[in-house]
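Structure file structure.pdb (PDB, C-alpha atoms) is printed below.
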MODEL        1
ATOM      1  CA  MET A   1       0.000   0.000   0.000
ATOM      2  CA  ASN A   2       2.932   2.346  -0.565
ATOM      3  CA  ASP A   3       1.445   3.782  -3.759
ATOM      4  CA  ILE A   4      -1.529   5.547  -2.145
ATOM      5  CA  HIS A   5      -2.149   7.563   0.993
ATOM      6  CA  LEU A   6      -4.824   6.444   3.462
ATOM      7  CA  GLY A   7      -6.885   8.643   5.734
ATOM      8  CA  VAL A   8      -9.846   8.414   8.075
ATOM      9  CA  VAL A   9     -12.578  10.954   8.882
ATOM     10  CA  PHE A  10     -13.446  12.058  12.384
ATOM     11  CA  ARG A  11     -17.099  12.757  11.694
ATOM     12  CA  PRO A  12     -18.581  15.672  13.641
ATOM     13  CA  GLN A  13     -21.423  13.408  14.749
ATOM     14  CA  SER A  14     -18.893  12.330  17.399
ATOM     15  CA  PRO A  15     -18.536  14.765  20.302
ATOM     16  CA  PRO A  16     -15.496  17.058  20.063
ATOM     17  CA  GLU A  17     -14.061  15.768  23.320
ATOM     18  CA  ARG A  18     -13.466  12.415  21.545
ATOM     19  CA  LEU A  19     -11.066  14.014  19.067
ATOM     20  CA  ARG A  20      -7.941  13.780  21.204
ATOM     21  CA  ASP A  21      -8.202  10.024  21.625
ATOM     22  CA  VAL A  22      -8.945   9.562  17.923
ATOM     23  CA  ALA A  23      -6.028  11.735  16.802
ATOM     24  CA  LEU A  24      -3.621   9.890  19.085
ATOM     25  CA  ALA A  25      -4.968   6.550  17.855
ATOM     26  CA  ALA A  26      -4.521   7.622  14.227
ATOM     27  CA  GLU A  27      -0.887   8.473  14.879
ATOM     28  CA  ALA A  28      -0.304   5.278  16.847
ATOM     29  CA  TYR A  29      -1.743   3.142  14.038
ATOM     30  CA  GLY A  30       0.450   4.904  11.505
ATOM     31  CA  VAL A  31      -2.500   6.292   9.533
ATOM     32  CA  GLY A  32      -1.168   9.213   7.537
ATOM     33  CA  GLU A  33      -4.132  11.575   7.535
ATOM     34  CA  LEU A  34      -7.071  12.467   9.764
ATOM     35  CA  TRP A  35      -9.820  14.512   8.095
ATOM     36  CA  LEU A  36     -12.349  16.783   9.788
ATOM     37  CA  TRP A  37     -15.628  18.244   8.552
ATOM     38  CA  GLU A  38     -17.132  21.641   9.210
ATOM     39  CA  ASP A  39     -20.763  20.581   8.894
ATOM     40  CA  CYS A  40     -23.411  22.963  10.217
ATOM     41  CA  PHE A  41     -24.004  23.091  13.094
ATOM     42  CA  LEU A  42     -21.674  20.590  14.671
ATOM     43  CA  GLU A  43     -17.958  21.388  15.082
ATOM     44  CA  GLY A  44     -15.566  24.075  13.875
ATOM     45  CA  GLY A  45     -13.027  22.727  11.413
ATOM     46  CA  LEU A  46     -10.109  25.045  12.158
ATOM     47  CA  THR A  47     -10.406  24.859  15.931
ATOM     48  CA  ALA A  48     -10.570  21.062  15.778
ATOM     49  CA  ALA A  49      -7.646  20.909  13.338
ATOM     50  CA  THR A  50      -5.502  23.081  15.598
ATOM     51  CA  ALA A  51      -6.137  20.809  18.556
ATOM     52  CA  ALA A  52      -5.492  17.598  16.598
ATOM     53  CA  LEU A  53      -2.228  18.969  15.210
ATOM     54  CA  ALA A  54      -1.081  20.097  18.653
ATOM     55  CA  TRP A  55      -1.810  16.706  20.213
ATOM     56  CA  THR A  56       0.210  14.804  17.594
ATOM     57  CA  GLU A  57       3.672  14.957  16.045
ATOM     58  CA  ARG A  58       3.486  13.370  12.583
ATOM     59  CA  LEU A  59      -0.196  13.117  11.690
ATOM     60  CA  LYS A  60      -1.456  15.219   8.793
ATOM     61  CA  VAL A  61      -4.815  16.854   9.471
ATOM     62  CA  GLY A  62      -7.182  17.972   6.737
ATOM     63  CA  VAL A  63     -10.384  19.989   6.824
ATOM     64  CA  GLY A  64     -12.662  18.984   4.021
ATOM     65  CA  LEU A  65     -14.053  21.404   3.694
ATOM     66  CA  LEU A  66     -14.205  25.041   4.790
ATOM     67  CA  PRO A  67     -17.366  26.595   3.263
ATOM     68  CA  VAL A  68     -16.225  29.769   1.519
ATOM     69  CA  PRO A  69     -19.431  31.790   2.156
ATOM     70  CA  LEU A  70     -18.682  31.685   5.895
ATOM     71  CA  ARG A  71     -15.243  33.405   5.839
ATOM     72  CA  ASN A  72     -13.644  36.443   4.306
ATOM     73  CA  PRO A  73     -10.725  35.132   2.188
ATOM     74  CA  ALA A  74      -8.226  37.319   4.048
ATOM     75  CA  VAL A  75      -9.303  35.752   7.342
ATOM     76  CA  ALA A  76      -9.209  32.267   5.821
ATOM     77  CA  ALA A  77      -5.674  32.879   4.535
ATOM     78  CA  MET A  78      -4.535  34.217   7.925
ATOM     79  CA  GLU A  79      -5.855  31.126   9.704
ATOM     80  CA  ILE A  80      -4.419  28.668   7.186
ATOM     81  CA  ALA A  81      -1.053  30.437   7.209
ATOM     82  CA  THR A  82      -0.916  30.349  11.004
ATOM     83  CA  LEU A  83      -1.468  26.593  11.083
ATOM     84  CA  ALA A  84       0.951  26.035   8.214
ATOM     85  CA  ARG A  85       3.699  27.896  10.060
ATOM     86  CA  MET A  86       3.062  26.210  13.412
ATOM     87  CA  PHE A  87       2.742  22.725  11.895
ATOM     88  CA  PRO A  88       4.671  22.804   8.595
ATOM     89  CA  GLY A  89       3.676  20.166   6.082
ATOM     90  CA  ARG A  90       0.906  18.765   8.244
ATOM     91  CA  PHE A  91      -2.198  20.856   7.516
ATOM     92  CA  LEU A  92      -4.378  20.152   4.470
ATOM     93  CA  PRO A  93      -7.062  22.809   3.893
ATOM     94  CA  GLY A  94     -10.016  22.221   1.598
ATOM     95  CA  LEU A  95     -12.339  24.950   0.328
ATOM     96  CA  GLY A  96     -15.775  24.504  -1.171
ATOM     97  CA  HIS A  97     -19.310  25.747  -1.696
ATOM     98  CA  GLY A  98     -20.657  24.252   1.510
ATOM     99  CA  VAL A  99     -24.135  22.755   1.593
ATOM    100  CA  LEU A 100     -26.206  25.450  -0.078
ATOM    101  CA  GLU A 101     -29.229  24.908   2.161
ATOM    102  CA  TRP A 102     -27.052  25.506   5.209
ATOM    103  CA  MET A 103     -25.520  28.578   3.623
ATOM    104  CA  ALA A 104     -29.033  29.931   3.064
ATOM    105  CA  GLN A 105     -29.983  29.059   6.630
ATOM    106  CA  VAL A 106     -27.247  31.323   8.009
ATOM    107  CA  GLY A 107     -27.844  34.095   5.484
ATOM    108  CA  ALA A 108     -24.600  33.457   3.544
ATOM    109  CA  ARG A 109     -25.835  31.913   0.292
ATOM    110  CA  VAL A 110     -24.858  33.835  -2.841
ATOM    111  CA  PRO A 111     -26.527  33.855  -6.270
ATOM    112  CA  SER A 112     -23.433  32.402  -7.994
ATOM    113  CA  PRO A 113     -21.559  29.887  -5.807
ATOM    114  CA  MET A 114     -19.108  29.077  -8.617
ATOM    115  CA  THR A 115     -18.066  32.715  -8.961
ATOM    116  CA  LEU A 116     -17.589  33.039  -5.222
ATOM    117  CA  LEU A 117     -15.523  29.855  -5.046
ATOM    118  CA  ARG A 118     -13.290  30.972  -7.913
ATOM    119  CA  GLU A 119     -12.708  34.433  -6.433
ATOM    120  CA  HIS A 120     -12.256  33.196  -2.862
ATOM    121  CA  ALA A 121      -9.925  30.258  -3.571
ATOM    122  CA  THR A 122      -7.791  32.310  -5.955
ATOM    123  CA  ALA A 123      -7.381  35.074  -3.375
ATOM    124  CA  VAL A 124      -6.549  32.650  -0.569
ATOM    125  CA  ARG A 125      -3.959  30.833  -2.671
ATOM    126  CA  ASP A 126      -2.347  34.085  -3.791
ATOM    127  CA  LEU A 127      -2.143  35.364  -0.221
ATOM    128  CA  LEU A 128      -0.582  32.134   1.007
ATOM    129  CA  HIS A 129       2.069  32.447  -1.693
ATOM    130  CA  GLY A 130       3.045  35.854  -0.336
ATOM    131  CA  ARG A 131       1.418  37.976  -2.996
ATOM    132  CA  THR A 132      -0.235  41.338  -2.465
ATOM    133  CA  VAL A 133      -3.817  40.967  -3.590
ATOM    134  CA  ASP A 134      -5.906  43.677  -5.190
ATOM    135  CA  VAL A 135      -9.241  42.377  -6.409
ATOM    136  CA  ASP A 136     -12.650  43.928  -6.925
ATOM    137  CA  GLY A 137     -14.722  40.946  -7.927
ATOM    138  CA  ARG A 138     -18.375  40.160  -7.708
ATOM    139  CA  PHE A 139     -18.060  38.886  -4.131
ATOM    140  CA  VAL A 140     -14.410  39.278  -3.081
ATOM    141  CA  HIS A 141     -13.005  42.768  -2.523
ATOM    142  CA  LEU A 142      -9.432  43.123  -1.277
ATOM    143  CA  ASP A 143      -7.412  46.333  -1.414
ATOM    144  CA  GLY A 144      -3.655  45.816  -1.183
ATOM    145  CA  VAL A 145      -3.923  42.855   1.192
ATOM    146  CA  ALA A 146      -0.817  40.805   2.001
ATOM    147  CA  LEU A 147       0.025  38.445   4.848
ATOM    148  CA  ASP A 148       2.736  39.530   7.264
ATOM    149  CA  TRP A 149       3.399  35.862   8.074
ATOM    150  CA  PRO A 150       2.903  33.837   4.890
ATOM    151  CA  PRO A 151       3.853  30.188   5.355
ATOM    152  CA  ARG A 152       7.350  29.074   4.443
ATOM    153  CA  GLU A 153       5.853  25.784   3.243
ATOM    154  CA  VAL A 154       2.586  26.603   1.485
ATOM    155  CA  PRO A 155      -0.032  23.885   1.988
ATOM    156  CA  PRO A 156      -1.870  22.579  -1.058
ATOM    157  CA  ILE A 157      -5.264  24.204  -1.484
ATOM    158  CA  LEU A 158      -7.858  21.555  -2.299
ATOM    159  CA  ILE A 159     -11.321  22.257  -3.637
ATOM    160  CA  GLY A 160     -14.204  20.022  -2.642
ATOM    161  CA  ALA A 161     -16.282  19.039  -5.642
ATOM    162  CA  ARG A 162     -19.214  16.956  -6.781
ATOM    163  CA  GLY A 163     -20.259  18.300 -10.155
ATOM    164  CA  PRO A 164     -18.056  18.390 -13.251
ATOM    165  CA  LYS A 165     -17.882  22.198 -13.361
ATOM    166  CA  THR A 166     -16.456  22.386  -9.852
ATOM    167  CA  VAL A 167     -14.033  19.538 -10.557
ATOM    168  CA  ARG A 168     -12.780  21.390 -13.630
ATOM    169  CA  LEU A 169     -12.474  24.599 -11.597
ATOM    170  CA  ALA A 170     -10.330  22.735  -9.071
ATOM    171  CA  GLY A 171      -7.961  21.739 -11.855
ATOM    172  CA  GLU A 172      -7.869  25.307 -13.091
ATOM    173  CA  ILE A 173      -7.137  27.186  -9.854
ATOM    174  CA  ALA A 174      -6.277  24.757  -7.018
ATOM    175  CA  ASP A 175      -3.645  22.196  -6.030
ATOM    176  CA  GLY A 176      -6.029  19.287  -5.757
ATOM    177  CA  VAL A 177      -9.620  18.154  -5.639
ATOM    178  CA  LEU A 178     -11.514  16.514  -2.806
ATOM    179  CA  LEU A 179     -14.186  14.180  -4.191
ATOM    180  CA  ASP A 180     -17.266  13.378  -2.154
ATOM    181  CA  SER A 181     -18.202   9.831  -1.174
ATOM    182  CA  GLY A 182     -20.547   7.795  -3.334
ATOM    183  CA  LEU A 183     -18.507   7.981  -6.538
ATOM    184  CA  THR A 184     -17.772   4.858  -8.530
ATOM    185  CA  VAL A 185     -14.317   3.968  -9.765
ATOM    186  CA  GLY A 186     -15.377   5.091 -13.229
ATOM    187  CA  GLN A 187     -16.593   8.448 -11.909
ATOM    188  CA  VAL A 188     -13.285   9.013 -10.129
ATOM    189  CA  ARG A 189     -11.491   8.317 -13.390
ATOM    190  CA  GLU A 190     -13.767  10.819 -15.144
ATOM    191  CA  ALA A 191     -13.138  13.401 -12.424
ATOM    192  CA  ARG A 192      -9.393  13.033 -12.855
ATOM    193  CA  ALA A 193      -9.758  13.655 -16.572
ATOM    194  CA  ARG A 194     -12.027  16.660 -15.952
ATOM    195  CA  ALA A 195      -9.546  18.198 -13.517
ATOM    196  CA  GLU A 196      -6.751  17.678 -16.021
ATOM    197  CA  GLU A 197      -8.842  19.550 -18.607
ATOM    198  CA  GLY A 198      -9.002  22.516 -16.243
ATOM    199  CA  ARG A 199      -5.268  22.374 -15.604
ATOM    200  CA  ALA A 200      -4.495  22.253 -19.308
ATOM    201  CA  ALA A 201      -6.816  25.180 -20.050
ATOM    202  CA  ALA A 202      -5.075  27.268 -17.374
ATOM    203  CA  GLY A 203      -1.609  26.166 -18.465
ATOM    204  CA  ARG A 204      -0.901  24.710 -15.041
ATOM    205  CA  THR A 205       1.750  22.081 -14.368
ATOM    206  CA  GLY A 206       3.155  20.422 -11.287
ATOM    207  CA  GLU A 207       1.633  18.218  -8.642
ATOM    208  CA  PHE A 208      -2.143  17.903  -8.418
ATOM    209  CA  ARG A 209      -3.765  15.748  -5.766
ATOM    210  CA  ILE A 210      -6.935  13.641  -6.079
ATOM    211  CA  VAL A 211      -8.466  12.865  -2.685
ATOM    212  CA  VAL A 212     -11.526  10.600  -2.525
ATOM    213  CA  TYR A 213     -13.880  10.067   0.408
ATOM    214  CA  LEU A 214     -15.362   6.583   0.752
ATOM    215  CA  GLU A 215     -18.000   5.576   3.279
ATOM    216  CA  LEU A 216     -17.768   2.148   4.916
ATOM    217  CA  ASP A 217     -19.826   0.562   7.651
ATOM    218  CA  ALA A 218     -17.248   0.425  10.436
ATOM    219  CA  THR A 219     -19.303  -2.217  12.247
ATOM    220  CA  SER A 220     -18.998  -4.708   9.380
ATOM    221  CA  GLY A 221     -16.515  -7.551   9.232
ATOM    222  CA  GLY A 222     -13.420  -7.765   7.098
ATOM    223  CA  LEU A 223     -12.714  -4.045   7.263
ATOM    224  CA  ALA A 224      -9.015  -4.394   6.478
ATOM    225  CA  GLU A 225      -9.838  -6.381   3.343
ATOM    226  CA  GLN A 226     -12.468  -3.812   2.309
ATOM    227  CA  VAL A 227     -10.032  -0.948   2.848
ATOM    228  CA  GLU A 228      -7.318  -2.655   0.823
ATOM    229  CA  GLU A 229      -9.658  -3.540  -2.050
ATOM    230  CA  HIS A 230     -11.122  -0.041  -2.341
ATOM    231  CA  ALA A 231      -7.746   1.644  -2.001
ATOM    232  CA  ARG A 232      -6.345  -0.404  -4.862
ATOM    233  CA  GLU A 233      -9.398   0.225  -7.055
ATOM    234  CA  PHE A 234      -9.388   3.973  -6.567
ATOM    235  CA  SER A 235      -5.625   4.192  -6.893
ATOM    236  CA  ALA A 236      -5.914   2.523 -10.291
ATOM    237  CA  ALA A 237      -8.575   5.110 -11.207
ATOM    238  CA  GLY A 238      -6.211   7.985 -10.462
ATOM    239  CA  ALA A 239      -6.756   8.751  -6.767
ATOM    240  CA  ASP A 240      -3.725   9.725  -4.708
ATOM    241  CA  THR A 241      -5.497   9.471  -1.355
ATOM    242  CA  VAL A 242      -8.509   7.497  -0.144
ATOM    243  CA  VAL A 243     -10.128   8.774   3.045
ATOM    244  CA  PHE A 244     -12.491   6.352   4.735
ATOM    245  CA  GLN A 245     -15.505   7.580   6.673
ATOM    246  CA  ALA A 246     -17.817   5.666   8.962
ATOM    247  CA  THR A 247     -21.568   6.091   8.617
ATOM    248  CA  GLY A 248     -23.477   8.823  10.429
ATOM    249  CA  GLU A 249     -25.369   6.150  12.368
ATOM    250  CA  ALA A 250     -22.130   4.524  13.594
ATOM    251  CA  PRO A 251     -19.546   7.319  13.346
ATOM    252  CA  ASP A 252     -16.801   5.842  15.556
ATOM    253  CA  PRO A 253     -13.657   5.926  13.365
ATOM    254  CA  GLU A 254     -11.450   3.668  15.461
ATOM    255  CA  PRO A 255     -12.336   0.413  13.624
ATOM    256  CA  LEU A 256     -11.346   2.120  10.373
ATOM    257  CA  LEU A 257      -8.129   3.385  11.959
ATOM    258  CA  GLU A 258      -7.279  -0.146  13.023
ATOM    259  CA  ALA A 259      -8.076  -1.513   9.566
ATOM    260  CA  CYS A 260      -5.904   1.091   7.856
ATOM    261  CA  GLY A 261      -3.179   0.499  10.430
ATOM    262  CA  ARG A 262      -3.010  -3.173   9.469
ATOM    263  CA  LEU A 263      -2.243  -2.155   5.894
ATOM    264  CA  VAL A 264       0.400   0.427   6.712
ATOM    265  CA  GLY A 265       2.142  -1.730   9.308
ATOM    266  CA  GLY A 266       0.859  -0.034  12.432
ATOM    267  CA  PRO A 267      -0.093  -1.870  15.654
ATOM    268  CA  VAL A 268      -2.751  -4.546  15.380
TER     269      VAL A 268
ENDMDL
END
Go ahead and render the structure in this file as structure tokens.
Amino acid sequence: MNDIHLGVVFRPQSPPERLRDVALAAEAYGVGELWLWEDCFLEGGLTAATAALAWTERLKVGVGLLPVPLRNPAVAAMEIATLARMFPGRFLPGLGHGVLEWMAQVGARVPSPMTLLREHATAVRDLLHGRTVDVDGRFVHLDGVALDWPPREVPPILIGARGPKTVRLAGEIADGVLLDSGLTVGQVREARARAEEGRAAAGRTGEFRIVVYLELDATSGGLAEQVEEHAREFSAAGADTVVFQATGEAPDPEPLLEACGRLVGGPV
């Protein structure tokens, strides 16, 4: 299993006080990545990520995803840069539309989510790379904004996507795409091709990461075999990382951590 990264989701249906034990277990099992969600109205992604990073030494922690309607891009860049400097190479931020019904519920929904995502993600990425940003877009307005403490090691900006337009946008402006659970192997292959179309259109080269969520019933038997089978299938379809999530009805991630640990040589 050296050809693909494995991760596990700490679903926010679990109480936040469980996170410390889960993060320590993930590191002990040798699982490379722990992913957090910022679902309304459960747990804050950046606060949880900060705690998980502080409790561990090697574990990478991702937030998939931070809904862009909820944060000014300058604030988002400040927060991401702070974590990237405190925990270099270990924080993986994802940006996305958020669930539109939730965005409407809090008064943050915009008439063109794609435009907002493009403007927001572009501004955040530019700020993290130490650029001074002047933009007067439809939704994002920044006047000579630059970070005083840009990260020395800039984390990859991932965009969470379901539809083909958002996947293509990720290829065009981001460093990777975070694909939602429920996709088939064929759909992951199609998403990879769509993202590459966006990269080619923008003239972008370099590393681009495909991260795929996959839901498994953590109470079922043969979890290690299921994890290995799915990881190999999605790797062959072009995924770089497979992140396993338990169901909302049985959200405890520790069985999945143990199953992934068996594959990466962690304790059993």
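As for atom CA of A:Gly238 and atom CA of A:Val99, they are spaced 26.2 Å apart.
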Chain and number of each residue from the PyMOL selection byres ((chain A and resi 197-204) around 12), as a PyMOL selection string: chain A and resi 164-177+190-196+205-209
Would you place a box with edges along x, y and z of the file around all atoms of stretch 99-108 of chain A listed there, add 5 Å to each of its six sides, and report the centre and edge lengths in Å to one decimal, as JSON?
{"center_x": -27.1, "center_y": 28.4, "center_z": 4.0, "size_x": 15.8, "size_y": 21.3, "size_z": 18.1}
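The shortest atom-to-atom distance to A:Arg85, with all atoms listed in the file taken into account, belongs to A:Glu153 out of A:Asp217, A:Glu153, A:Glu17, A:Glu233.
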Neighbour list for A:Pro151 as number ranges by chain, cut-off 12 Å, only C-alpha atoms, skip fewer than 5 positions in-chain: A: 77-89, 91, 125-131, 156
For stretch 61-69 of chain A: contacts at 8 Å, all atoms listed in the file, fewer than 5 positions along chain excluded, given as a PyMOL selection string: chain A and resi 33-38+45-46+49+52-53+90-99+103+108-110+116-117+120+159-160+178
Residue nearest A:Leu257 - candidates A:Ala237, A:Ala54, A:Leu223, A:Ile4, atoms counted: all atoms listed in the file: A:Leu223
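Shortest separation to A:Leu263 among A:Phe10, A:Phe244, A:Trp102, A:Tyr29 occurs at residue A:Tyr29, atoms counted being only C-alpha atoms.
Using all atoms listed in the file, the smallest distance between any of A:Ala25, A:Ala146, A:Pro16, A:Leu179 and A:Val242 comes from A:Leu179.
Distances to A:Gly248 were evaluated for A:Val188, A:Gly32, A:Thr47, A:Pro12 using only C-alpha atoms, and the minimum falls at A:Pro12.
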Hits from the PyMOL selection byres ((chain A and resi 234) around 12), listed as a VMD selection string: chain A and resid 3 to 6 179 181 183 to 192 210 to 214 227 to 233 235 to 244
One-decimal distance in Å that lies between atom CA of A:Val8 and atom CA of A:Leu256: 6.9 Å
Proximity to A:Thr50 - best of A:Cys260, A:Val106, A:Ala224, A:Leu19, only C-alpha atoms: A:Leu19
Explicit residues for the PyMOL selection byres ((chain A and resi 145) around 7) (as JSON, numbers by chain): {"A": [132, 133, 134, 142, 143, 144, 146, 147]}
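Here atom CA of A:Ile157 is placed at a distance of 23.2 Å from atom CA of A:Trp55.
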